[in-house]
file upload_27.txt (compact mmCIF, N, CA and C atoms)
# COMPACT_ATOMS: atom_id res chain seq x y z
N MET N 1 2.49 -6.56 19.15
CA MET N 1 1.66 -6.40 17.97
C MET N 1 2.53 -5.86 16.85
N LYS N 2 2.37 -6.45 15.69
CA LYS N 2 3.06 -5.96 14.51
C LYS N 2 2.02 -5.75 13.42
N VAL N 3 2.07 -4.58 12.81
CA VAL N 3 1.19 -4.30 11.68
C VAL N 3 2.06 -3.82 10.53
N ILE N 4 1.94 -4.51 9.42
CA ILE N 4 2.62 -4.08 8.20
C ILE N 4 1.65 -3.18 7.46
N VAL N 5 2.08 -1.94 7.26
CA VAL N 5 1.26 -0.92 6.61
C VAL N 5 1.80 -0.72 5.20
N GLN N 6 0.97 -0.99 4.21
CA GLN N 6 1.37 -0.77 2.83
C GLN N 6 0.49 0.33 2.24
N ARG N 7 1.16 1.36 1.71
CA ARG N 7 0.42 2.42 1.02
C ARG N 7 0.04 1.86 -0.34
N VAL N 8 -1.26 1.90 -0.65
CA VAL N 8 -1.73 1.26 -1.88
C VAL N 8 -2.56 2.22 -2.73
N LYS N 9 -2.51 1.95 -4.03
CA LYS N 9 -3.42 2.62 -4.97
C LYS N 9 -4.77 1.92 -4.95
N ASN N 10 -4.75 0.59 -4.73
CA ASN N 10 -5.97 -0.19 -4.54
C ASN N 10 -5.58 -1.53 -3.94
N ALA N 11 -6.56 -2.16 -3.30
CA ALA N 11 -6.35 -3.49 -2.71
C ALA N 11 -7.70 -4.16 -2.56
N ASN N 12 -7.68 -5.50 -2.61
CA ASN N 12 -8.92 -6.24 -2.38
C ASN N 12 -8.60 -7.59 -1.77
N VAL N 13 -9.64 -8.21 -1.22
CA VAL N 13 -9.50 -9.53 -0.63
C VAL N 13 -10.67 -10.39 -1.10
N LYS N 14 -10.34 -11.63 -1.46
CA LYS N 14 -11.34 -12.60 -1.90
C LYS N 14 -11.24 -13.84 -1.02
N VAL N 15 -12.39 -14.47 -0.80
CA VAL N 15 -12.47 -15.76 -0.13
C VAL N 15 -13.34 -16.65 -1.02
N ASP N 16 -12.81 -17.82 -1.34
CA ASP N 16 -13.53 -18.75 -2.23
C ASP N 16 -13.96 -18.06 -3.53
N ASN N 17 -13.05 -17.26 -4.07
CA ASN N 17 -13.26 -16.55 -5.33
C ASN N 17 -14.34 -15.46 -5.27
N GLN N 18 -14.82 -15.15 -4.08
CA GLN N 18 -15.82 -14.10 -3.89
C GLN N 18 -15.14 -12.86 -3.32
N LEU N 19 -15.39 -11.70 -3.94
CA LEU N 19 -14.85 -10.45 -3.44
C LEU N 19 -15.49 -10.13 -2.09
N ILE N 20 -14.65 -9.94 -1.08
CA ILE N 20 -15.13 -9.65 0.27
C ILE N 20 -15.06 -8.15 0.54
N SER N 21 -13.93 -7.54 0.21
CA SER N 21 -13.72 -6.11 0.44
C SER N 21 -12.74 -5.58 -0.59
N ASP N 22 -12.91 -4.31 -0.92
CA ASP N 22 -11.92 -3.65 -1.76
C ASP N 22 -11.86 -2.17 -1.41
N ILE N 23 -10.68 -1.59 -1.63
CA ILE N 23 -10.47 -0.17 -1.39
C ILE N 23 -9.73 0.43 -2.57
N LYS N 24 -9.80 1.72 -2.65
CA LYS N 24 -8.97 2.46 -3.60
C LYS N 24 -7.77 2.99 -2.80
N ASN N 25 -7.39 4.19 -2.99
CA ASN N 25 -6.26 4.82 -2.32
C ASN N 25 -6.32 4.65 -0.79
N GLY N 26 -5.23 4.17 -0.18
CA GLY N 26 -5.22 4.05 1.27
C GLY N 26 -4.16 3.10 1.79
N PHE N 27 -4.50 2.38 2.86
CA PHE N 27 -3.59 1.45 3.52
C PHE N 27 -4.13 0.02 3.44
N LEU N 28 -3.25 -0.90 3.11
CA LEU N 28 -3.50 -2.31 3.35
C LEU N 28 -2.75 -2.63 4.64
N LEU N 29 -3.46 -3.13 5.64
CA LEU N 29 -2.85 -3.49 6.92
C LEU N 29 -2.82 -5.00 7.06
N LEU N 30 -1.64 -5.55 7.34
CA LEU N 30 -1.49 -6.95 7.70
C LEU N 30 -1.25 -6.96 9.20
N VAL N 31 -2.23 -7.45 9.94
CA VAL N 31 -2.29 -7.30 11.40
C VAL N 31 -1.88 -8.60 12.09
N GLY N 32 -0.75 -8.54 12.82
CA GLY N 32 -0.27 -9.68 13.59
C GLY N 32 -0.42 -9.41 15.08
N LEU N 33 -1.08 -10.31 15.78
CA LEU N 33 -1.30 -10.15 17.22
C LEU N 33 -0.43 -11.14 17.99
N HIS N 34 0.34 -10.61 18.93
CA HIS N 34 1.21 -11.40 19.79
C HIS N 34 0.41 -11.90 20.99
N LYS N 35 0.79 -13.03 21.52
CA LYS N 35 0.05 -13.64 22.64
C LYS N 35 -0.02 -12.74 23.87
N ASN N 36 0.89 -11.78 24.01
CA ASN N 36 0.89 -10.89 25.18
C ASN N 36 0.30 -9.51 24.91
N ASP N 37 -0.25 -9.28 23.73
CA ASP N 37 -0.80 -7.96 23.42
C ASP N 37 -1.98 -7.63 24.32
N THR N 38 -2.12 -6.33 24.59
CA THR N 38 -3.20 -5.82 25.43
C THR N 38 -3.96 -4.73 24.67
N LEU N 39 -5.03 -4.27 25.27
CA LEU N 39 -5.79 -3.17 24.70
C LEU N 39 -4.90 -1.94 24.49
N LYS N 40 -3.98 -1.74 25.39
CA LYS N 40 -3.06 -0.59 25.26
C LYS N 40 -2.25 -0.68 23.96
N ASP N 41 -1.82 -1.87 23.58
CA ASP N 41 -1.10 -2.06 22.32
C ASP N 41 -1.99 -1.71 21.14
N LEU N 42 -3.22 -2.18 21.16
CA LEU N 42 -4.16 -1.91 20.08
C LEU N 42 -4.41 -0.42 19.94
N GLU N 43 -4.60 0.26 21.06
CA GLU N 43 -4.86 1.70 21.04
C GLU N 43 -3.67 2.46 20.48
N TYR N 44 -2.47 2.09 20.90
CA TYR N 44 -1.26 2.75 20.41
C TYR N 44 -1.13 2.61 18.89
N VAL N 45 -1.30 1.40 18.39
CA VAL N 45 -1.11 1.15 16.96
C VAL N 45 -2.20 1.83 16.15
N ALA N 46 -3.45 1.79 16.60
CA ALA N 46 -4.54 2.45 15.87
C ALA N 46 -4.28 3.94 15.76
N LYS N 47 -3.85 4.55 16.84
CA LYS N 47 -3.56 5.99 16.82
C LYS N 47 -2.37 6.29 15.91
N LYS N 48 -1.32 5.48 16.00
CA LYS N 48 -0.13 5.67 15.18
C LYS N 48 -0.49 5.58 13.69
N ILE N 49 -1.25 4.57 13.32
CA ILE N 49 -1.62 4.39 11.91
C ILE N 49 -2.45 5.57 11.41
N SER N 50 -3.36 6.06 12.24
CA SER N 50 -4.21 7.17 11.81
C SER N 50 -3.40 8.45 11.58
N LYS N 51 -2.24 8.54 12.19
CA LYS N 51 -1.41 9.75 12.09
C LYS N 51 -0.22 9.61 11.15
N LEU N 52 0.02 8.40 10.63
CA LEU N 52 1.17 8.19 9.75
C LEU N 52 1.11 9.13 8.56
N ARG N 53 2.18 9.89 8.38
CA ARG N 53 2.25 10.83 7.26
C ARG N 53 3.12 10.22 6.17
N ILE N 54 2.52 9.34 5.38
CA ILE N 54 3.28 8.66 4.33
C ILE N 54 2.67 8.84 2.94
N PHE N 55 1.76 9.80 2.82
CA PHE N 55 1.23 10.15 1.50
C PHE N 55 1.91 11.43 1.04
N SER N 56 2.12 11.54 -0.25
CA SER N 56 2.87 12.67 -0.81
C SER N 56 2.02 13.93 -0.90
N ASP N 57 2.66 15.04 -0.55
CA ASP N 57 2.02 16.34 -0.72
C ASP N 57 2.30 16.84 -2.14
N ASP N 58 1.94 18.08 -2.44
CA ASP N 58 2.12 18.59 -3.80
C ASP N 58 3.58 18.81 -4.18
N LYS N 59 4.48 18.70 -3.20
CA LYS N 59 5.92 18.80 -3.48
C LYS N 59 6.59 17.43 -3.56
N GLY N 60 5.80 16.37 -3.43
CA GLY N 60 6.33 15.02 -3.51
C GLY N 60 6.92 14.51 -2.20
N LEU N 61 6.70 15.23 -1.10
CA LEU N 61 7.22 14.82 0.21
C LEU N 61 6.15 14.03 0.97
N MET N 62 6.57 13.03 1.72
CA MET N 62 5.63 12.27 2.54
C MET N 62 5.25 13.14 3.74
N ASN N 63 4.15 13.85 3.58
CA ASN N 63 3.72 14.82 4.57
C ASN N 63 2.26 14.68 4.98
N LEU N 64 1.51 13.85 4.26
CA LEU N 64 0.07 13.79 4.49
C LEU N 64 -0.34 12.48 5.14
N ASP N 65 -1.29 12.58 6.08
CA ASP N 65 -1.84 11.35 6.66
C ASP N 65 -3.03 10.88 5.82
N ILE N 66 -3.56 9.75 6.16
CA ILE N 66 -4.60 9.11 5.36
C ILE N 66 -5.88 9.96 5.25
N SER N 67 -6.19 10.71 6.28
CA SER N 67 -7.40 11.54 6.23
C SER N 67 -7.26 12.67 5.20
N LYS N 68 -6.03 13.14 5.00
CA LYS N 68 -5.79 14.25 4.06
C LYS N 68 -5.94 13.82 2.60
N VAL N 69 -5.89 12.50 2.35
CA VAL N 69 -6.01 12.02 0.96
C VAL N 69 -7.31 11.24 0.76
N ASP N 70 -8.23 11.35 1.73
CA ASP N 70 -9.51 10.66 1.66
C ASP N 70 -9.31 9.16 1.45
N GLY N 71 -8.34 8.60 2.16
CA GLY N 71 -7.99 7.19 2.00
C GLY N 71 -8.85 6.25 2.82
N GLU N 72 -8.77 4.98 2.44
CA GLU N 72 -9.49 3.91 3.13
C GLU N 72 -8.47 2.90 3.67
N VAL N 73 -8.94 2.03 4.54
CA VAL N 73 -8.11 0.98 5.12
C VAL N 73 -8.71 -0.38 4.79
N LEU N 74 -7.86 -1.31 4.36
CA LEU N 74 -8.24 -2.71 4.25
C LEU N 74 -7.41 -3.46 5.28
N SER N 75 -8.06 -3.99 6.31
CA SER N 75 -7.40 -4.65 7.43
C SER N 75 -7.53 -6.16 7.28
N ILE N 76 -6.38 -6.84 7.30
CA ILE N 76 -6.32 -8.29 7.12
C ILE N 76 -5.60 -8.90 8.33
N SER N 77 -6.25 -9.85 9.01
CA SER N 77 -5.56 -10.52 10.12
C SER N 77 -4.50 -11.46 9.54
N GLN N 78 -3.34 -11.52 10.20
CA GLN N 78 -2.21 -12.26 9.63
C GLN N 78 -1.37 -12.85 10.76
N PHE N 79 -1.80 -13.99 11.30
CA PHE N 79 -1.07 -14.60 12.42
C PHE N 79 0.33 -15.03 12.00
N THR N 80 0.57 -15.25 10.71
CA THR N 80 1.88 -15.73 10.26
C THR N 80 2.98 -14.69 10.45
N ILE N 81 2.61 -13.44 10.76
CA ILE N 81 3.63 -12.43 11.06
C ILE N 81 4.47 -12.88 12.25
N TYR N 82 3.88 -13.66 13.15
CA TYR N 82 4.61 -14.16 14.30
C TYR N 82 5.15 -15.57 14.08
N GLY N 83 5.32 -15.97 12.84
CA GLY N 83 5.96 -17.25 12.53
C GLY N 83 7.44 -17.20 12.85
N ASP N 84 7.90 -18.06 13.71
CA ASP N 84 9.30 -18.09 14.15
C ASP N 84 10.06 -19.17 13.37
N VAL N 85 11.11 -18.76 12.65
CA VAL N 85 11.93 -19.69 11.88
C VAL N 85 13.40 -19.65 12.31
N LYS N 86 13.65 -19.16 13.52
CA LYS N 86 15.03 -19.05 14.00
C LYS N 86 15.73 -20.40 14.11
N LYS N 87 15.03 -21.41 14.59
CA LYS N 87 15.66 -22.70 14.85
C LYS N 87 15.27 -23.78 13.86
N GLN N 88 14.35 -23.48 12.97
CA GLN N 88 13.91 -24.48 12.00
C GLN N 88 13.44 -23.78 10.73
N ASN N 89 13.15 -24.57 9.72
CA ASN N 89 12.67 -24.01 8.47
C ASN N 89 11.15 -23.94 8.40
N ARG N 90 10.50 -24.76 9.18
CA ARG N 90 9.04 -24.72 9.27
C ARG N 90 8.68 -23.76 10.40
N PRO N 91 7.85 -22.74 10.12
CA PRO N 91 7.57 -21.75 11.17
C PRO N 91 6.79 -22.34 12.34
N GLY N 92 7.13 -21.83 13.52
CA GLY N 92 6.37 -22.13 14.72
C GLY N 92 5.57 -20.89 15.09
N PHE N 93 4.38 -21.08 15.59
CA PHE N 93 3.49 -19.94 15.85
C PHE N 93 3.14 -19.79 17.32
N SER N 94 4.03 -20.21 18.20
CA SER N 94 3.73 -20.16 19.63
C SER N 94 3.65 -18.73 20.17
N ASP N 95 4.19 -17.76 19.45
CA ASP N 95 4.10 -16.36 19.89
C ASP N 95 2.83 -15.68 19.42
N ALA N 96 2.13 -16.28 18.47
CA ALA N 96 0.88 -15.69 17.97
C ALA N 96 -0.22 -15.86 19.01
N MET N 97 -1.11 -14.89 19.06
CA MET N 97 -2.24 -14.95 19.98
C MET N 97 -3.17 -16.10 19.59
N PRO N 98 -3.70 -16.84 20.57
CA PRO N 98 -4.66 -17.91 20.28
C PRO N 98 -5.88 -17.40 19.52
N TYR N 99 -6.44 -18.27 18.71
CA TYR N 99 -7.49 -17.93 17.76
C TYR N 99 -8.64 -17.10 18.35
N GLU N 100 -9.32 -17.61 19.36
CA GLU N 100 -10.51 -16.94 19.90
C GLU N 100 -10.17 -15.55 20.45
N GLN N 101 -9.08 -15.48 21.20
CA GLN N 101 -8.65 -14.20 21.76
C GLN N 101 -8.25 -13.24 20.64
N ALA N 102 -7.53 -13.76 19.64
CA ALA N 102 -7.09 -12.93 18.52
C ALA N 102 -8.28 -12.39 17.73
N HIS N 103 -9.31 -13.21 17.56
CA HIS N 103 -10.49 -12.75 16.82
C HIS N 103 -11.11 -11.54 17.51
N LYS N 104 -11.27 -11.61 18.82
CA LYS N 104 -11.83 -10.49 19.59
C LYS N 104 -10.94 -9.27 19.52
N MET N 105 -9.64 -9.48 19.66
CA MET N 105 -8.70 -8.35 19.63
C MET N 105 -8.64 -7.71 18.24
N TYR N 106 -8.70 -8.51 17.20
CA TYR N 106 -8.71 -8.00 15.83
C TYR N 106 -9.96 -7.13 15.62
N ASP N 107 -11.11 -7.61 16.05
CA ASP N 107 -12.34 -6.83 15.94
C ASP N 107 -12.22 -5.52 16.71
N THR N 108 -11.65 -5.58 17.90
CA THR N 108 -11.45 -4.38 18.71
C THR N 108 -10.51 -3.41 18.02
N PHE N 109 -9.42 -3.92 17.46
CA PHE N 109 -8.47 -3.07 16.75
C PHE N 109 -9.16 -2.33 15.60
N ASN N 110 -9.96 -3.04 14.83
CA ASN N 110 -10.65 -2.40 13.71
C ASN N 110 -11.63 -1.34 14.19
N ARG N 111 -12.29 -1.61 15.31
CA ARG N 111 -13.20 -0.62 15.90
C ARG N 111 -12.42 0.62 16.34
N LEU N 112 -11.23 0.42 16.90
CA LEU N 112 -10.40 1.54 17.32
C LEU N 112 -9.94 2.38 16.12
N LEU N 113 -9.66 1.72 15.01
CA LEU N 113 -9.30 2.46 13.79
C LEU N 113 -10.47 3.35 13.36
N VAL N 114 -11.68 2.80 13.41
CA VAL N 114 -12.87 3.58 13.06
C VAL N 114 -13.02 4.76 14.01
N GLU N 115 -12.78 4.53 15.30
CA GLU N 115 -12.87 5.61 16.28
C GLU N 115 -11.84 6.71 16.02
N GLN N 116 -10.75 6.37 15.32
CA GLN N 116 -9.75 7.36 14.93
C GLN N 116 -10.18 8.13 13.68
N GLY N 117 -11.36 7.80 13.16
CA GLY N 117 -11.88 8.51 12.00
C GLY N 117 -11.59 7.84 10.67
N LEU N 118 -11.07 6.61 10.70
CA LEU N 118 -10.72 5.92 9.46
C LEU N 118 -11.90 5.10 8.93
N ARG N 119 -11.97 4.99 7.61
CA ARG N 119 -12.94 4.11 6.96
C ARG N 119 -12.27 2.76 6.78
N VAL N 120 -12.80 1.75 7.44
CA VAL N 120 -12.14 0.45 7.52
C VAL N 120 -12.99 -0.64 6.89
N LYS N 121 -12.36 -1.41 6.03
CA LYS N 121 -12.94 -2.63 5.49
C LYS N 121 -12.04 -3.78 5.95
N GLU N 122 -12.60 -4.98 5.97
CA GLU N 122 -11.88 -6.12 6.55
C GLU N 122 -11.92 -7.32 5.64
N GLY N 123 -10.97 -8.23 5.91
CA GLY N 123 -11.04 -9.57 5.36
C GLY N 123 -11.91 -10.40 6.27
N LEU N 124 -11.88 -11.72 6.11
CA LEU N 124 -12.62 -12.62 6.98
C LEU N 124 -11.64 -13.33 7.91
N PHE N 125 -11.76 -13.08 9.18
CA PHE N 125 -10.84 -13.62 10.16
C PHE N 125 -10.79 -15.14 10.08
N GLY N 126 -9.58 -15.68 10.05
CA GLY N 126 -9.37 -17.12 10.10
C GLY N 126 -9.61 -17.86 8.80
N LYS N 127 -9.94 -17.15 7.75
CA LYS N 127 -10.21 -17.79 6.46
C LYS N 127 -8.97 -17.74 5.57
N ASP N 128 -8.94 -18.62 4.59
CA ASP N 128 -7.90 -18.60 3.56
C ASP N 128 -8.28 -17.49 2.58
N MET N 129 -7.52 -16.40 2.60
CA MET N 129 -7.84 -15.22 1.80
C MET N 129 -6.83 -15.04 0.68
N LYS N 130 -7.29 -14.47 -0.39
CA LYS N 130 -6.43 -14.06 -1.51
C LYS N 130 -6.45 -12.54 -1.53
N VAL N 131 -5.30 -11.95 -1.24
CA VAL N 131 -5.19 -10.50 -1.14
C VAL N 131 -4.42 -9.98 -2.35
N SER N 132 -4.99 -8.99 -3.01
CA SER N 132 -4.33 -8.34 -4.15
C SER N 132 -4.14 -6.87 -3.84
N LEU N 133 -3.04 -6.31 -4.32
CA LEU N 133 -2.79 -4.89 -4.07
C LEU N 133 -1.89 -4.31 -5.14
N VAL N 134 -1.99 -3.01 -5.28
CA VAL N 134 -1.02 -2.24 -6.03
C VAL N 134 -0.34 -1.35 -5.01
N ASN N 135 0.89 -1.71 -4.64
CA ASN N 135 1.65 -0.97 -3.64
C ASN N 135 2.11 0.32 -4.29
N ASP N 136 1.84 1.42 -3.63
CA ASP N 136 2.15 2.75 -4.15
C ASP N 136 3.51 3.20 -3.63
N GLY N 137 4.47 3.28 -4.50
CA GLY N 137 5.80 3.78 -4.13
C GLY N 137 6.93 2.86 -4.54
N PRO N 138 7.09 1.70 -4.02
CA PRO N 138 6.32 1.09 -2.93
C PRO N 138 6.69 1.71 -1.58
N VAL N 139 5.68 1.86 -0.74
CA VAL N 139 5.88 2.33 0.63
C VAL N 139 5.31 1.27 1.56
N THR N 140 6.18 0.73 2.43
CA THR N 140 5.78 -0.27 3.42
C THR N 140 6.44 0.10 4.74
N ILE N 141 5.62 0.23 5.79
CA ILE N 141 6.08 0.61 7.12
C ILE N 141 5.63 -0.48 8.09
N ILE N 142 6.47 -0.82 9.06
CA ILE N 142 6.09 -1.78 10.09
C ILE N 142 5.91 -1.02 11.41
N VAL N 143 4.74 -1.16 11.98
CA VAL N 143 4.47 -0.59 13.31
C VAL N 143 4.50 -1.77 14.27
N ASP N 144 5.44 -1.72 15.23
CA ASP N 144 5.70 -2.84 16.13
C ASP N 144 5.72 -2.33 17.56
N THR N 145 4.83 -2.86 18.40
CA THR N 145 4.76 -2.39 19.79
C THR N 145 5.93 -2.88 20.62
N GLU N 146 6.72 -3.83 20.13
CA GLU N 146 7.87 -4.31 20.88
C GLU N 146 9.12 -3.45 20.64
N GLU N 147 9.06 -2.59 19.65
CA GLU N 147 10.25 -1.77 19.33
C GLU N 147 10.03 -0.32 19.70

call {"tool": "encode", "arguments": {"input": "upload_27.txt", "output": "structure tokens"}}
result
Amino acid sequence: MKVIVQRVKNANVKVDNQLISDIKNGFLLLVGLHKNDTLKDLEYVAKKISKLRIFSDDKGLMNLDISKVDGEVLSISQFTIYGDVKKQNRPGFSDAMPYEQAHKMYDTFNRLLVEQGLRVKEGLFGKDMKVSLVNDGPVTIIVDTEE
């Protein structure tokens, strides 16, 4: 599992020009599920994200987690994170989790984030989404269960 965590001032997602979700201060998560991911991977990443101290304290140091800044999460499924271009220019997605299984795992992951005390909004799984954000810093962290 790979999740790209972007600290944002705001972010939103639209489908067919309709606003689906938006957040102010918090995390935009781009969630990639690998074909071999398990519930244990989801639990690890949800807990890690809830504890990430990447918000600035009053001294300008990255010392605060999302709960300390009253932040929100916008979670977007992103199978293209597992696009393999090592041997060709057109990505192959054989490492990405199959659609039906990924949909269930993505829903479970978001539920686990909520169980960690986070306020979570989502995109629409499997849809063509337009995601907008103002990256704060910019700060971007990758949480990867393979590393």

call {"tool": "residues_around", "arguments": {"input": "upload_27.txt", "residues": "region 18-20 of chain N", "least_positions_apart": "5", "cutoff": "6.5 Å", "atoms": "only N, CA and C atoms", "output": "PyMOL selection string"}}
result
chain N and resi 13+122-123

call {"tool": "select_by_dssp", "arguments": {"input": "upload_27.txt", "residues": "region 31-135 of chain N", "states": "strand (DSSP E)", "output": "number ranges by chain"}}
result
N: 31-32, 55-56, 62-64, 72-77, 119-122, 130-135

call {"tool": "residues_around", "arguments": {"input": "upload_27.txt", "residues": "region 108-113 of chain N", "least_positions_apart": "5", "cutoff": "9 Å", "atoms": "only C-alpha atoms", "output": "VMD selection string"}}
result
chain N and resid 39 42 to 43 45 to 47 49 to 50 73 75 103 118 to 122

call {"tool": "atom_distance", "arguments": {"input": "upload_27.txt", "atom1": "atom C of Ser67 (chain N)", "atom2": "atom C of Asp37 (chain N)"}}
result
28.4 Å

call {"tool": "closest_residue", "arguments": {"input": "upload_27.txt", "among": "N:Ile54, N:Ile81, N:Met129, N:Met62", "to": "Asp144 (chain N)", "atoms": "only C-alpha atoms"}}
result
N:Ile81

call {"tool": "residues_around", "arguments": {"input": "upload_27.txt", "residues": "region 77-80 of chain N", "least_positions_apart": "2", "cutoff": "10 Å", "atoms": "only C-alpha atoms", "output": "mmCIF file with N, CA and C atoms, in the frame of the given file"}}
result
data_model
loop_
_atom_site.group_PDB
_atom_site.id
_atom_site.type_symbol
_atom_site.label_atom_id
_atom_site.label_comp_id
_atom_site.auth_asym_id
_atom_site.auth_seq_id
_atom_site.Cartn_x
_atom_site.Cartn_y
_atom_site.Cartn_z
ATOM 1 N N LYS N 2 2.370 -6.450 15.690
ATOM 2 C CA LYS N 2 3.060 -5.960 14.510
ATOM 3 C C LYS N 2 2.020 -5.750 13.420
ATOM 4 N N VAL N 3 2.070 -4.580 12.810
ATOM 5 C CA VAL N 3 1.190 -4.300 11.680
ATOM 6 C C VAL N 3 2.060 -3.820 10.530
ATOM 7 N N ILE N 4 1.940 -4.510 9.420
ATOM 8 C CA ILE N 4 2.620 -4.080 8.200
ATOM 9 C C ILE N 4 1.650 -3.180 7.460
ATOM 10 N N LEU N 29 -3.460 -3.130 5.640
ATOM 11 C CA LEU N 29 -2.850 -3.490 6.920
ATOM 12 C C LEU N 29 -2.820 -5.000 7.060
ATOM 13 N N LEU N 30 -1.640 -5.550 7.340
ATOM 14 C CA LEU N 30 -1.490 -6.950 7.700
ATOM 15 C C LEU N 30 -1.250 -6.960 9.200
ATOM 16 N N VAL N 31 -2.230 -7.450 9.940
ATOM 17 C CA VAL N 31 -2.290 -7.300 11.400
ATOM 18 C C VAL N 31 -1.880 -8.600 12.090
ATOM 19 N N GLY N 32 -0.750 -8.540 12.820
ATOM 20 C CA GLY N 32 -0.270 -9.680 13.590
ATOM 21 C C GLY N 32 -0.420 -9.410 15.080
ATOM 22 N N LEU N 33 -1.080 -10.310 15.780
ATOM 23 C CA LEU N 33 -1.300 -10.150 17.220
ATOM 24 C C LEU N 33 -0.430 -11.140 17.990
ATOM 25 N N HIS N 34 0.340 -10.610 18.930
ATOM 26 C CA HIS N 34 1.210 -11.400 19.790
ATOM 27 C C HIS N 34 0.410 -11.900 20.990
ATOM 28 N N SER N 75 -8.060 -3.990 6.310
ATOM 29 C CA SER N 75 -7.400 -4.650 7.430
ATOM 30 C C SER N 75 -7.530 -6.160 7.280
ATOM 31 N N TYR N 82 3.880 -13.660 13.150
ATOM 32 C CA TYR N 82 4.610 -14.160 14.300
ATOM 33 C C TYR N 82 5.150 -15.570 14.080
ATOM 34 N N GLY N 83 5.320 -15.970 12.840
ATOM 35 C CA GLY N 83 5.960 -17.250 12.530
ATOM 36 C C GLY N 83 7.440 -17.200 12.850
ATOM 37 N N ASP N 84 7.900 -18.060 13.710
ATOM 38 C CA ASP N 84 9.300 -18.090 14.150
ATOM 39 C C ASP N 84 10.060 -19.170 13.370
ATOM 40 N N PRO N 91 7.850 -22.740 10.120
ATOM 41 C CA PRO N 91 7.570 -21.750 11.170
ATOM 42 C C PRO N 91 6.790 -22.340 12.340
ATOM 43 N N GLY N 92 7.130 -21.830 13.520
ATOM 44 C CA GLY N 92 6.370 -22.130 14.720
ATOM 45 C C GLY N 92 5.570 -20.890 15.090
ATOM 46 N N PHE N 93 4.380 -21.080 15.590
ATOM 47 C CA PHE N 93 3.490 -19.940 15.850
ATOM 48 C C PHE N 93 3.140 -19.790 17.320
ATOM 49 N N ASP N 95 4.190 -17.760 19.450
ATOM 50 C CA ASP N 95 4.100 -16.360 19.890
ATOM 51 C C ASP N 95 2.830 -15.680 19.420
ATOM 52 N N ALA N 96 2.130 -16.280 18.470
ATOM 53 C CA ALA N 96 0.880 -15.690 17.970
ATOM 54 C C ALA N 96 -0.220 -15.860 19.010
ATOM 55 N N MET N 97 -1.110 -14.890 19.060
ATOM 56 C CA MET N 97 -2.240 -14.950 19.980
ATOM 57 C C MET N 97 -3.170 -16.100 19.590
ATOM 58 N N PRO N 98 -3.700 -16.840 20.570
ATOM 59 C CA PRO N 98 -4.660 -17.910 20.280
ATOM 60 C C PRO N 98 -5.880 -17.400 19.520
ATOM 61 N N TYR N 99 -6.440 -18.270 18.710
ATOM 62 C CA TYR N 99 -7.490 -17.930 17.760
ATOM 63 C C TYR N 99 -8.640 -17.100 18.350
ATOM 64 N N ALA N 102 -7.530 -13.760 19.640
ATOM 65 C CA ALA N 102 -7.090 -12.930 18.520
ATOM 66 C C ALA N 102 -8.280 -12.390 17.730
ATOM 67 N N HIS N 103 -9.310 -13.210 17.560
ATOM 68 C CA HIS N 103 -10.490 -12.750 16.820
ATOM 69 C C HIS N 103 -11.110 -11.540 17.510
ATOM 70 N N TYR N 106 -8.700 -8.510 17.200
ATOM 71 C CA TYR N 106 -8.710 -8.000 15.830
ATOM 72 C C TYR N 106 -9.960 -7.130 15.620
ATOM 73 N N ASP N 107 -11.110 -7.610 16.050
ATOM 74 C CA ASP N 107 -12.340 -6.830 15.940
ATOM 75 C C ASP N 107 -12.220 -5.520 16.710
ATOM 76 N N GLU N 122 -12.600 -4.980 5.970
ATOM 77 C CA GLU N 122 -11.880 -6.120 6.550
ATOM 78 C C GLU N 122 -11.920 -7.320 5.640
ATOM 79 N N GLY N 123 -10.970 -8.230 5.910
ATOM 80 C CA GLY N 123 -11.040 -9.570 5.360
ATOM 81 C C GLY N 123 -11.910 -10.400 6.270
ATOM 82 N N LEU N 124 -11.880 -11.720 6.110
ATOM 83 C CA LEU N 124 -12.620 -12.620 6.980
ATOM 84 C C LEU N 124 -11.640 -13.330 7.910
ATOM 85 N N PHE N 125 -11.760 -13.080 9.180
ATOM 86 C CA PHE N 125 -10.840 -13.620 10.160
ATOM 87 C C PHE N 125 -10.790 -15.140 10.080
ATOM 88 N N GLY N 126 -9.580 -15.680 10.050
ATOM 89 C CA GLY N 126 -9.370 -17.120 10.100
ATOM 90 C C GLY N 126 -9.610 -17.860 8.800
ATOM 91 N N LYS N 127 -9.940 -17.150 7.750
ATOM 92 C CA LYS N 127 -10.210 -17.790 6.460
ATOM 93 C C LYS N 127 -8.970 -17.740 5.570
ATOM 94 N N MET N 129 -7.520 -16.400 2.600
ATOM 95 C CA MET N 129 -7.840 -15.220 1.800
ATOM 96 C C MET N 129 -6.830 -15.040 0.680
#

call {"tool": "atom_distance", "arguments": {"input": "upload_27.txt", "atom1": "atom C of Lys24 (chain N)", "atom2": "CA of Asp70 (chain N)"}}
result
9.0 Å

call {"tool": "residues_around", "arguments": {"input": "upload_27.txt", "residues": "Leu64 (chain N)", "least_positions_apart": "2", "cutoff": "6 Å", "atoms": "only C-alpha atoms", "output": "list in words"}}
result
Arg53, Phe55 and Lys68 of chain N

call {"tool": "closest_residue", "arguments": {"input": "upload_27.txt", "among": "N:Ala11, N:Thr38, N:Asp22, N:Ser132", "to": "Lys104 (chain N)", "atoms": "only C-alpha atoms"}}
result
N:Thr38

call {"tool": "atom_distance", "arguments": {"input": "upload_27.txt", "atom1": "CA of Lys59 (chain N)", "atom2": "atom N of Asn10 (chain N)"}}
result
21.1 Å

call {"tool": "closest_residue", "arguments": {"input": "upload_27.txt", "among": "N:Met1, N:Met105, N:Thr140, N:Asn25", "to": "Gly71 (chain N)", "atoms": "only N, CA and C atoms"}}
result
N:Asn25
